[in-house]
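Below: one structure, written as structure tokens.
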Amino acid sequence: MMWKWLHPYANPEVSYHFAGKLLPWCTRLAFIFLSVGMVWALLFAPADYQQGDTFRIFYLHVPAAMLSMGIYLGMAIAALSSLVWQLKLADASAAAMAPIGATFTFIALVTGAAWGKPMWGTWWIWDARLTSELILLFLYLGVIALHNAFEDKSLAGKAAGILALVGVINLPIIKYSVEWWNTLHQGATVGKLGQPSMSADMFWPFLVCFIGFSFFVTALICLRFRSEVLTRNSMRPWVRTLVANEENKHAI
């Protein structure tokens with residue numbers, strides 16, 4: 001039953017238009033949640049009793065770090081689907097996700113450094129969590145480089161997919177590094193099972209922000225996925241028709 005539902009989306013034209021339908025909804029929801037969440041977090045959430053208002057970078061840093069790992073996992077699943085079942089759209093999805101994941105990993109590292117300076121007295125330290133997150137950025141950059149290293153998209157997808165799958169081992173290292181090693185980085189705050197280690201008036205604005213960033217990421221992936229589909233199917237009749245229709249609209 002599930003395969004029958006998913007089967008039509010193996011068609012590039014169907015998936016292109018489906019992503020187009022998701023895009024405006026995700027964009028609107030991202031705007032709403034981020035507007036509410038950021039105003040709530042920056043203006044109304046209480047300051048931390050130890051860190052003061054410096055703590056507020058948490059509302060950008062933590063969603064970025066969590067999404068950097070989530071996007072990588074999604075990219076690896078897409079890469080596995082491409083390698084095992086030869087799904088061309090899965091490879092296009094992986095290629096679409098890589099730059100977005102790299103961007104959020106970079107944001108996590110920069111905001112982490114900005115947060116670490118007043119807390120630790122230094123912009124960077126070779127802490128287990130920070131180092132493994134930096135490795136994640138290098139993995140993303142490697143996947144992006146391999147996707148662009150070959151003219152043959154199939155060969156490029158295979159090489160990038162293998163690297164993406166090998167890099168999955170880094171995800172549990174990032175997640176559990178603060179438990180496995182003695183690190184400066186604080187332990188889990190919102191990602192652990194059970195009650196979060198923060199008050200509700202701090203947690204709820206974080207949750208709203210995280211949902212907003214998640215919709216924003218989904219919108220970006222839809223946008224890049226549509227671009228990848230068009231690039232990989234540029235000679236197909238439906239793409240030529242689509243381009244011709246867009247040119248006619250602009251001419252009018």
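Ordering of the structure tokens sets the chain letters (A, B, ...), residue numbers begin anew at 1 in every chain, and ligands are numbered from 1 in the order given.
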Discussion item. Applying 12 Å and only C-alpha atoms, which residues near Leu87 in chain A remain after dropping the ones on its own chain fewer than 3 positions away? List them as a PyMOL selection string.
Written reply: chain A and resi 7+9-12+77-84+90-94+154+157-158
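Shell of Tyr140 in chain A at 10 Å, with only C-alpha atoms counted and residues fewer than 3 places along the chain excluded, is Ser68, Tyr72, Met75, Met97, Ala98, Pro99, Ile100, Gly101, Ala102, Thr103, Thr105, Leu134, Ile135, Leu136, Leu137, Val143, Ile144, Ala145, Leu146, Ala160, Leu163, Ala164 and Gly167 of chain A.
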Practice prompt. Mind checking which residues fall within 7 Å of range 54-57 of chain A, counting only C-alpha atoms, ignoring those fewer than 6 positions away in the same chain, and posting them as a PyMOL selection string?
Written response: chain A and resi 41-42+47-48+111+115
Those same residues, written as a CSV table (one decimal), in the first residue's frame with N, CA, C and O atoms?
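Saved file part-v4.csv follows:
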```
chain,number,residue,atom,x,y,z
A,41,ALA,N,11.4,34.6,22.2
A,41,ALA,CA,12.7,34.2,22.8
A,41,ALA,C,13.5,35.4,23.1
A,41,ALA,O,14.2,35.5,24.2
A,42,LEU,N,13.6,36.4,22.3
A,42,LEU,CA,14.5,37.6,22.5
A,42,LEU,C,13.9,38.6,23.4
A,42,LEU,O,14.7,39.3,24.1
A,47,ALA,N,15.9,35.8,31.2
A,47,ALA,CA,17.3,35.6,31.1
A,47,ALA,C,17.8,34.4,32.0
A,47,ALA,O,17.1,34.1,33.0
A,48,ASP,N,18.8,33.8,31.6
A,48,ASP,CA,19.4,32.7,32.4
A,48,ASP,C,20.0,33.3,33.7
A,48,ASP,O,20.7,34.3,33.6
A,111,THR,N,27.7,30.4,15.8
A,111,THR,CA,27.0,30.8,17.0
A,111,THR,C,27.5,30.1,18.3
A,111,THR,O,27.5,30.7,19.4
A,115,TRP,N,28.9,32.1,21.5
A,115,TRP,CA,28.4,31.7,22.8
A,115,TRP,C,29.5,31.3,23.7
A,115,TRP,O,29.6,31.6,24.9
```
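Distances here use only C-alpha atoms; by that measure, the residue among A:Val14, A:Phe58, A:Leu223, A:Trp25 closest to Met198 in chain A is A:Phe58.
Interatomic distance, CA of Ile211 in chain A against CA of Leu73 in chain A: 17.7 Å.
Here CA of Ser227 in chain A is placed at a distance of 11.3 Å from CA of Val239 in chain A.
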